[in-house]
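Enquirer: Got a structure for you, coords.cif, holding mmCIF, C-alpha atoms.
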data_work
loop_
_atom_site.group_PDB
_atom_site.id
_atom_site.type_symbol
_atom_site.label_atom_id
_atom_site.label_comp_id
_atom_site.auth_asym_id
_atom_site.auth_seq_id
_atom_site.Cartn_x
_atom_site.Cartn_y
_atom_site.Cartn_z
ATOM 1 C CA GLY O 1 -326.442 -119.762 75.757
ATOM 2 C CA THR O 2 -327.608 -118.593 72.379
ATOM 3 C CA VAL O 3 -327.480 -115.561 70.149
ATOM 4 C CA ILE O 4 -330.954 -114.905 68.809
ATOM 5 C CA ARG O 5 -331.997 -113.004 65.677
ATOM 6 C CA ILE O 6 -335.409 -111.385 65.453
ATOM 7 C CA ARG O 7 -336.912 -108.418 63.653
ATOM 8 C CA ILE O 8 -337.598 -105.174 65.516
ATOM 9 C CA ASP O 9 -341.298 -106.138 65.715
ATOM 10 C CA GLY O 10 -340.387 -109.447 67.402
ATOM 11 C CA SER O 11 -341.107 -111.684 64.402
ATOM 12 C CA VAL O 12 -338.601 -114.332 63.308
ATOM 13 C CA PRO O 13 -336.941 -114.088 59.879
ATOM 14 C CA PRO O 14 -337.551 -117.284 57.867
ATOM 15 C CA ASP O 15 -333.863 -117.479 56.862
ATOM 16 C CA ASN O 16 -332.808 -118.136 60.484
ATOM 17 C CA PRO O 17 -330.909 -121.455 60.610
ATOM 18 C CA PHE O 18 -333.433 -123.337 62.776
ATOM 19 C CA TYR O 19 -336.624 -121.783 61.423
ATOM 20 C CA GLY O 20 -339.303 -124.453 60.902
ATOM 21 C CA ARG O 21 -337.504 -127.139 62.920
ATOM 22 C CA LYS O 22 -339.317 -128.842 65.788
ATOM 23 C CA ASP O 23 -336.147 -129.547 67.799
ATOM 24 C CA ALA O 24 -334.994 -125.904 68.200
ATOM 25 C CA LYS O 25 -336.383 -122.423 68.722
ATOM 26 C CA PRO O 26 -336.652 -120.492 65.457
ATOM 27 C CA GLU O 27 -335.052 -117.354 66.986
ATOM 28 C CA ILE O 28 -331.660 -119.065 67.495
ATOM 29 C CA TRP O 29 -328.868 -117.750 65.286
ATOM 30 C CA SER O 30 -325.932 -119.505 67.033
ATOM 31 C CA PHE O 31 -325.449 -121.561 70.204
ATOM 32 C CA GLY O 32 -322.821 -122.942 72.584
ATOM 33 C CA HIS O 33 -322.116 -119.553 74.168
ATOM 34 C CA ARG O 34 -321.202 -119.502 77.864
ATOM 35 C CA ASN O 35 -321.807 -115.971 79.105
ATOM 36 C CA ALA O 36 -322.007 -113.374 76.338
ATOM 37 C CA GLN O 37 -321.476 -109.815 77.596
ATOM 38 C CA GLY O 38 -320.980 -107.667 74.509
ATOM 39 C CA LEU O 39 -322.277 -107.872 70.947
ATOM 40 C CA ALA O 40 -321.345 -105.575 68.047
ATOM 41 C CA PHE O 41 -321.771 -105.599 64.287
ATOM 42 C CA ASP O 42 -319.043 -104.472 61.894
ATOM 43 C CA GLU O 43 -321.202 -102.899 59.191
ATOM 44 C CA ASP O 44 -318.275 -102.349 56.810
ATOM 45 C CA ARG O 45 -317.397 -106.052 56.675
ATOM 46 C CA GLY O 46 -320.702 -107.666 57.660
ATOM 47 C CA HIS O 47 -319.232 -109.434 60.701
ATOM 48 C CA LEU O 48 -320.989 -109.918 64.047
ATOM 49 C CA TYR O 49 -318.744 -110.248 67.132
ATOM 50 C CA ALA O 50 -319.442 -111.254 70.734
ATOM 51 C CA VAL O 51 -317.260 -111.279 73.849
ATOM 52 C CA GLU O 52 -317.885 -113.981 76.451
ATOM 53 C CA HIS O 53 -316.696 -114.912 79.922
ATOM 54 C CA GLY O 54 -314.935 -118.258 80.134
ATOM 55 C CA PRO O 55 -315.017 -120.348 83.323
ATOM 56 C CA MET O 56 -311.559 -119.826 84.916
ATOM 57 C CA GLY O 57 -309.730 -118.109 82.073
ATOM 58 C CA GLY O 58 -310.715 -118.772 78.502
ATOM 59 C CA ASP O 59 -312.516 -115.452 77.952
ATOM 60 C CA GLU O 60 -313.344 -115.272 74.246
ATOM 61 C CA LEU O 61 -313.983 -113.035 71.276
ATOM 62 C CA ASN O 62 -316.161 -114.904 68.789
ATOM 63 C CA ARG O 63 -317.094 -114.028 65.233
ATOM 64 C CA ILE O 64 -320.718 -115.129 65.190
ATOM 65 C CA GLU O 65 -321.904 -117.048 62.153
ATOM 66 C CA ARG O 66 -325.248 -118.524 61.182
ATOM 67 C CA GLY O 67 -326.092 -121.845 62.863
ATOM 68 C CA ARG O 68 -322.639 -122.425 64.369
ATOM 69 C CA ASN O 69 -321.907 -124.187 67.677
ATOM 70 C CA TYR O 70 -319.359 -122.302 69.819
ATOM 71 C CA GLY O 71 -318.715 -125.248 72.109
ATOM 72 C CA TRP O 72 -319.978 -124.516 75.619
ATOM 73 C CA PRO O 73 -320.254 -126.554 77.859
ATOM 74 C CA VAL O 74 -318.109 -129.138 76.067
ATOM 75 C CA ILE O 75 -314.975 -127.210 75.081
ATOM 76 C CA SER O 76 -313.252 -124.134 76.480
ATOM 77 C CA HIS O 77 -309.799 -122.555 76.682
ATOM 78 C CA GLY O 78 -310.415 -122.098 80.425
ATOM 79 C CA ILE O 79 -310.734 -124.701 83.157
ATOM 80 C CA ALA O 80 -313.635 -125.698 85.403
ATOM 81 C CA TYR O 81 -313.999 -124.025 88.806
ATOM 82 C CA ASP O 82 -312.781 -127.203 90.519
ATOM 83 C CA GLY O 83 -309.487 -126.865 88.610
ATOM 84 C CA THR O 84 -310.124 -129.699 86.156
ATOM 85 C CA PRO O 85 -309.976 -129.341 82.366
ATOM 86 C CA MET O 86 -313.202 -129.094 80.390
ATOM 87 C CA PRO O 87 -314.553 -132.543 79.371
ATOM 88 C CA GLY O 88 -314.007 -131.961 75.649
ATOM 89 C CA GLY O 89 -310.672 -130.164 75.944
ATOM 90 C CA LYS O 90 -310.071 -127.051 73.852
ATOM 91 C CA ALA O 91 -311.349 -128.258 70.471
ATOM 92 C CA GLN O 92 -313.723 -130.735 68.863
ATOM 93 C CA ASP O 93 -315.037 -131.272 65.364
ATOM 94 C CA GLY O 94 -318.192 -129.284 64.653
ATOM 95 C CA MET O 95 -317.406 -126.663 67.310
ATOM 96 C CA GLU O 96 -316.016 -123.229 66.509
ATOM 97 C CA GLN O 97 -312.753 -121.898 67.892
ATOM 98 C CA PRO O 98 -312.681 -118.357 69.304
ATOM 99 C CA ALA O 99 -311.456 -115.564 67.045
ATOM 100 C CA HIS O 100 -309.321 -114.520 70.033
ATOM 101 C CA VAL O 101 -308.722 -115.824 73.569
ATOM 102 C CA PHE O 102 -308.064 -112.928 75.927
ATOM 103 C CA GLY O 103 -304.777 -112.823 77.835
ATOM 104 C CA GLU O 104 -304.852 -115.450 80.561
ATOM 105 C CA PRO O 105 -304.338 -116.018 83.392
ATOM 106 C CA PRO O 106 -306.019 -114.199 85.026
ATOM 107 C CA ALA O 107 -309.494 -113.892 83.556
ATOM 108 C CA GLN O 108 -310.291 -110.496 82.054
ATOM 109 C CA ALA O 109 -314.112 -110.807 82.277
ATOM 110 C CA PRO O 110 -314.831 -108.879 79.065
ATOM 111 C CA SER O 111 -317.943 -106.705 79.138
ATOM 112 C CA GLY O 112 -318.974 -104.108 76.550
ATOM 113 C CA LEU O 113 -317.793 -104.292 72.953
ATOM 114 C CA ALA O 114 -317.557 -101.569 70.315
ATOM 115 C CA ILE O 115 -316.184 -101.524 66.784
ATOM 116 C CA ASP O 116 -314.402 -98.592 65.210
ATOM 117 C CA SER O 117 -314.653 -99.454 61.545
ATOM 118 C CA ALA O 118 -313.404 -96.165 60.154
ATOM 119 C CA GLY O 119 -310.290 -96.648 58.076
ATOM 120 C CA GLY O 120 -308.679 -99.804 56.762
ATOM 121 C CA SER O 121 -308.843 -102.493 59.435
ATOM 122 C CA PRO O 122 -311.393 -102.662 62.237
ATOM 123 C CA ILE O 123 -310.437 -101.828 65.808
ATOM 124 C CA LEU O 124 -312.375 -103.631 68.532
ATOM 125 C CA TRP O 125 -312.705 -101.935 71.929
ATOM 126 C CA VAL O 126 -313.519 -104.173 74.901
ATOM 127 C CA GLY O 127 -314.227 -103.164 78.487
ATOM 128 C CA THR O 128 -313.165 -105.574 81.220
ATOM 129 C CA LEU O 129 -314.540 -106.123 84.699
ATOM 130 C CA ALA O 130 -311.966 -108.309 86.497
ATOM 131 C CA GLY O 131 -309.183 -106.928 84.281
ATOM 132 C CA GLN O 132 -310.189 -103.319 85.055
ATOM 133 C CA ALA O 133 -308.916 -102.151 81.687
ATOM 134 C CA LEU O 134 -309.921 -101.055 78.228
ATOM 135 C CA LEU O 135 -308.629 -103.520 75.640
ATOM 136 C CA ARG O 136 -307.861 -102.552 72.068
ATOM 137 C CA LEU O 137 -307.838 -105.366 69.513
ATOM 138 C CA ASP O 138 -306.155 -104.673 66.169
ATOM 139 C CA TRP O 139 -306.335 -107.095 63.242
ATOM 140 C CA ASP O 140 -302.815 -107.828 61.951
ATOM 141 C CA GLY O 141 -303.876 -109.964 59.000
ATOM 142 C CA GLU O 142 -303.611 -113.256 60.896
ATOM 143 C CA GLY O 143 -305.141 -112.617 64.307
ATOM 144 C CA TRP O 144 -306.133 -110.004 66.865
ATOM 145 C CA ARG O 145 -303.339 -108.143 68.671
ATOM 146 C CA GLU O 146 -304.416 -107.170 72.198
ATOM 147 C CA THR O 147 -303.307 -103.946 73.908
ATOM 148 C CA ARG O 148 -304.328 -103.136 77.491
ATOM 149 C CA LEU O 149 -305.077 -99.472 78.230
ATOM 150 C CA LEU O 150 -306.136 -97.559 81.364
ATOM 151 C CA HIS O 151 -305.315 -100.596 83.527
ATOM 152 C CA GLU O 152 -306.656 -100.081 87.065
ATOM 153 C CA GLN O 153 -307.175 -96.361 86.377
ATOM 154 C CA LEU O 154 -310.961 -96.248 86.051
ATOM 155 C CA GLY O 155 -312.039 -99.491 87.752
ATOM 156 C CA ARG O 156 -314.382 -102.111 86.309
ATOM 157 C CA ILE O 157 -315.355 -101.031 82.796
ATOM 158 C CA ARG O 158 -318.909 -102.190 82.093
ATOM 159 C CA ASP O 159 -319.458 -100.813 78.603
ATOM 160 C CA VAL O 160 -317.660 -98.989 75.793
ATOM 161 C CA ARG O 161 -319.066 -97.154 72.768
ATOM 162 C CA VAL O 162 -317.752 -95.119 69.851
ATOM 163 C CA GLY O 163 -319.711 -91.857 69.853
ATOM 164 C CA PRO O 164 -320.945 -89.961 66.802
ATOM 165 C CA ASP O 165 -317.972 -87.643 67.371
ATOM 166 C CA GLY O 166 -315.576 -90.582 66.807
ATOM 167 C CA LEU O 167 -314.418 -90.562 70.449
ATOM 168 C CA LEU O 168 -314.635 -93.463 72.890
ATOM 169 C CA TYR O 169 -316.990 -93.419 75.846
ATOM 170 C CA VAL O 170 -316.735 -95.898 78.724
ATOM 171 C CA ILE O 171 -318.950 -96.440 81.735
ATOM 172 C CA THR O 172 -317.660 -97.996 84.949
ATOM 173 C CA ASP O 173 -319.375 -100.443 87.261
ATOM 174 C CA ASP O 174 -319.016 -99.551 90.946
ATOM 175 C CA LEU O 175 -320.572 -97.319 93.619
ATOM 176 C CA GLU O 176 -318.646 -94.301 92.392
ATOM 177 C CA GLY O 177 -318.809 -95.271 88.726
ATOM 178 C CA GLY O 178 -318.938 -92.727 85.982
ATOM 179 C CA LEU O 179 -319.131 -92.055 82.285
ATOM 180 C CA TYR O 180 -315.781 -91.153 80.734
ATOM 181 C CA ARG O 181 -314.886 -89.701 77.338
ATOM 182 C CA ILE O 182 -311.536 -90.895 76.022
ATOM 183 C CA ASP O 183 -309.863 -88.179 73.947
ATOM 184 C CA PRO O 184 -307.028 -88.929 71.519
ATOM 185 C CA ILE O 185 -303.526 -87.934 72.554
ATOM 186 C CA ILE O 186 -302.367 -84.729 70.907
ATOM 187 C CA GLU O 187 -299.338 -85.293 68.705
ATOM 188 C CA GLN O 188 -296.096 -84.201 70.333
ATOM 189 C CA ALA O 189 -292.906 -83.294 68.485
ATOM 190 C CA GLY O 190 -290.954 -86.451 67.715
ATOM 191 C CA GLN O 191 -293.737 -88.800 68.865
ATOM 192 C CA PRO O 192 -296.144 -90.685 66.592
ATOM 193 C CA ARG O 193 -299.848 -89.957 67.104
ATOM 194 C CA PRO O 194 -301.812 -93.086 68.101
ATOM 195 C CA ALA O 195 -305.064 -93.941 66.297
ATOM 196 C CA ARG O 196 -306.980 -93.272 69.540
#
Written as structure tokens, that's how I'd like the structure from this file.
Expert:
Amino acid sequence: GTVIRIRIDGSVPPDNPFYGRKDAKPEIWSFGHRNAQGLAFDEDRGHLYAVEHGPMGGDELNRIERGRNYGWPVISHGIAYDGTPMPGGKAQDGMEQPAHVFGEPPAQAPSGLAIDSAGGSPILWVGTLAGQALLRLDWDGEGWRETRLLHEQLGRIRDVRVGPDGLLYVITDDLEGGLYRIDPIIEQAGQPRPAR
């Protein structure tokens, strides 16, 4: 799979990494993605992130950069469906490592992705399908710390967004799915107030 970059009118910017090459489509921004589900841009820091399903395990958060190869189908932190390791293992020269591999096993099947960039460090919010949870990723200076919220309370979370009111909104993926607004917890005496 690929991440493509085009203008709103459908034209291709000439600074795309493969623009003008005969061996690749000019729209391609990055490649080697397995099954991207969510894409979000951190405007404060200029970083583009994607969440992807791995095969069995190995679900990834990737920081997408111009012209980079993210490894699929050669490398993965998951295993093939027949139980064998991926042919290239977990790493090879010239192939990017994930910014974060989601808790495994089991697979989380990340879906929607939103960035709350207000304040010092970004907070990434990720819906999960198989994991049936809302994941919060906090940057600790060295890596992403993963916290699972609302586990098995709402069902399969298809998408998550930060609204103009600063609150989180999630939509679930089933016959009785719904749109939910996640309000912050009101501070109680003697208890710290969480960020969300």
Enquirer: Just the residues within 6 Å of region 29-37 of chain O, please, counting only C-alpha atoms, with nothing from its chain fewer than 2 positions along; format it as a list of chain:residue names.
Expert: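 Final neighbour list, sorted by chain and number: O:Gly1, O:Thr2, O:Val3, O:Ile4, O:Arg5, O:Val51, O:Glu52, O:His53, O:Arg66, O:Gly67, O:Arg68, O:Asn69, O:Tyr70, O:Gly71, O:Trp72, O:Ser111.
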Enquirer: For the PyMOL selection byres ((chain O and resi 39) around 6), applied here, can you spell out every residue it catches as an NGL selection string?
Expert: :O and (38 or 40 or 49-50)
Enquirer: For the residues selected in the previous step, produce a file with C-alpha atoms as a PDB file, keeping the file's coordinate frame.
Expert:
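The result, stored in out_9.pdb:
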ATOM      1  CA  GLY O  38    -320.980-107.667  74.509  1.00  0.00           C
ATOM      2  CA  ALA O  40    -321.345-105.575  68.047  1.00  0.00           C
ATOM      3  CA  TYR O  49    -318.744-110.248  67.132  1.00  0.00           C
ATOM      4  CA  ALA O  50    -319.442-111.254  70.734  1.00  0.00           C
TER       5      ALA O  50
END
Enquirer: Given the PyMOL selection byres ((chain O and resi 178) around 12) and the file above, list the residues it selects as a PyMOL selection string.
Expert: chain O and resi 154-159+169-177+179-181
Enquirer: Might you spell out which residues the PyMOL selection byres ((chain O and resi 82-94) around 10) would select in the displayed file, as a list in words?
Expert: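 Applied to this file, the PyMOL selection byres ((chain O and resi 82-94) around 10) returns Pro55, Met56, Gly58, Arg68, Asn69, Tyr70, Gly71, Trp72, Pro73, Val74, Ile75, Ser76, His77, Gly78, Ile79, Ala80, Tyr81, Met95, Glu96 and Gln97 of chain O.
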Enquirer: Got a sec: who's within 10 Å of Phe18 (chain O), counting all atoms listed in the file, leaving out chain neighbours fewer than 2 positions off, as an mmCIF file with C-alpha atoms, keeping the file's coordinate frame?
Expert:
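Writing done, so here's out.cif:
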data_model
loop_
_atom_site.group_PDB
_atom_site.id
_atom_site.type_symbol
_atom_site.label_atom_id
_atom_site.label_comp_id
_atom_site.auth_asym_id
_atom_site.auth_seq_id
_atom_site.Cartn_x
_atom_site.Cartn_y
_atom_site.Cartn_z
ATOM 1 C CA PRO O 14 -337.551 -117.284 57.867
ATOM 2 C CA ASP O 15 -333.863 -117.479 56.862
ATOM 3 C CA ASN O 16 -332.808 -118.136 60.484
ATOM 4 C CA GLY O 20 -339.303 -124.453 60.902
ATOM 5 C CA ARG O 21 -337.504 -127.139 62.920
ATOM 6 C CA LYS O 22 -339.317 -128.842 65.788
ATOM 7 C CA ASP O 23 -336.147 -129.547 67.799
ATOM 8 C CA ALA O 24 -334.994 -125.904 68.200
ATOM 9 C CA LYS O 25 -336.383 -122.423 68.722
ATOM 10 C CA PRO O 26 -336.652 -120.492 65.457
ATOM 11 C CA GLU O 27 -335.052 -117.354 66.986
ATOM 12 C CA ILE O 28 -331.660 -119.065 67.495
ATOM 13 C CA TRP O 29 -328.868 -117.750 65.286
ATOM 14 C CA SER O 30 -325.932 -119.505 67.033
ATOM 15 C CA ARG O 66 -325.248 -118.524 61.182
ATOM 16 C CA GLY O 67 -326.092 -121.845 62.863
#
Enquirer: Interatomic distance between CA of Leu137 (chain O) and CA of Leu167 (chain O)?
Expert: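 A separation of 16.2 Å between them.
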Enquirer: Could you state the separation of CA of Gly143 (chain O) and CA of Leu61 (chain O) in Å, given to one decimal place?
Expert: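 Distance between the two atoms: 11.3 Å.
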Enquirer: Excluding Arg45 (chain O) and any residue of its chain fewer than 6 positions from it, enumerate the residues within 10 Å of it, using only C-alpha atoms, and give them as a list in words.
Expert: Ser117, Ser121 and Pro122 of chain O
Enquirer: Quick check, in Å to one decimal: how far apart do CA of Arg148 (chain O) and CA of Glu43 (chain O) lie?
Expert: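 Straight-line distance from CA of Arg148 (chain O) to CA of Glu43 (chain O) works out to 24.9 Å.
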Enquirer: Quick one: everything within 7 Å of Phe102 (chain O), counting all atoms listed in the file, minus sequence neighbours fewer than 2 positions away in the same chain. Send it as a PyMOL selection string.
Expert: chain O and resi 58-60+100+104+108
Enquirer: Would you write out those residues with C-alpha atoms, as a short mmCIF file (atom, residue, chain, number, x, y, z; two decimals), in the coordinates of the input?
Expert:
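File part_5.cif, as written:
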data_model
loop_
_atom_site.label_atom_id
_atom_site.label_comp_id
_atom_site.auth_asym_id
_atom_site.auth_seq_id
_atom_site.Cartn_x
_atom_site.Cartn_y
_atom_site.Cartn_z
CA GLY O 58 -310.71 -118.77 78.50
CA ASP O 59 -312.52 -115.45 77.95
CA GLU O 60 -313.34 -115.27 74.25
CA HIS O 100 -309.32 -114.52 70.03
CA GLU O 104 -304.85 -115.45 80.56
CA GLN O 108 -310.29 -110.50 82.05
#
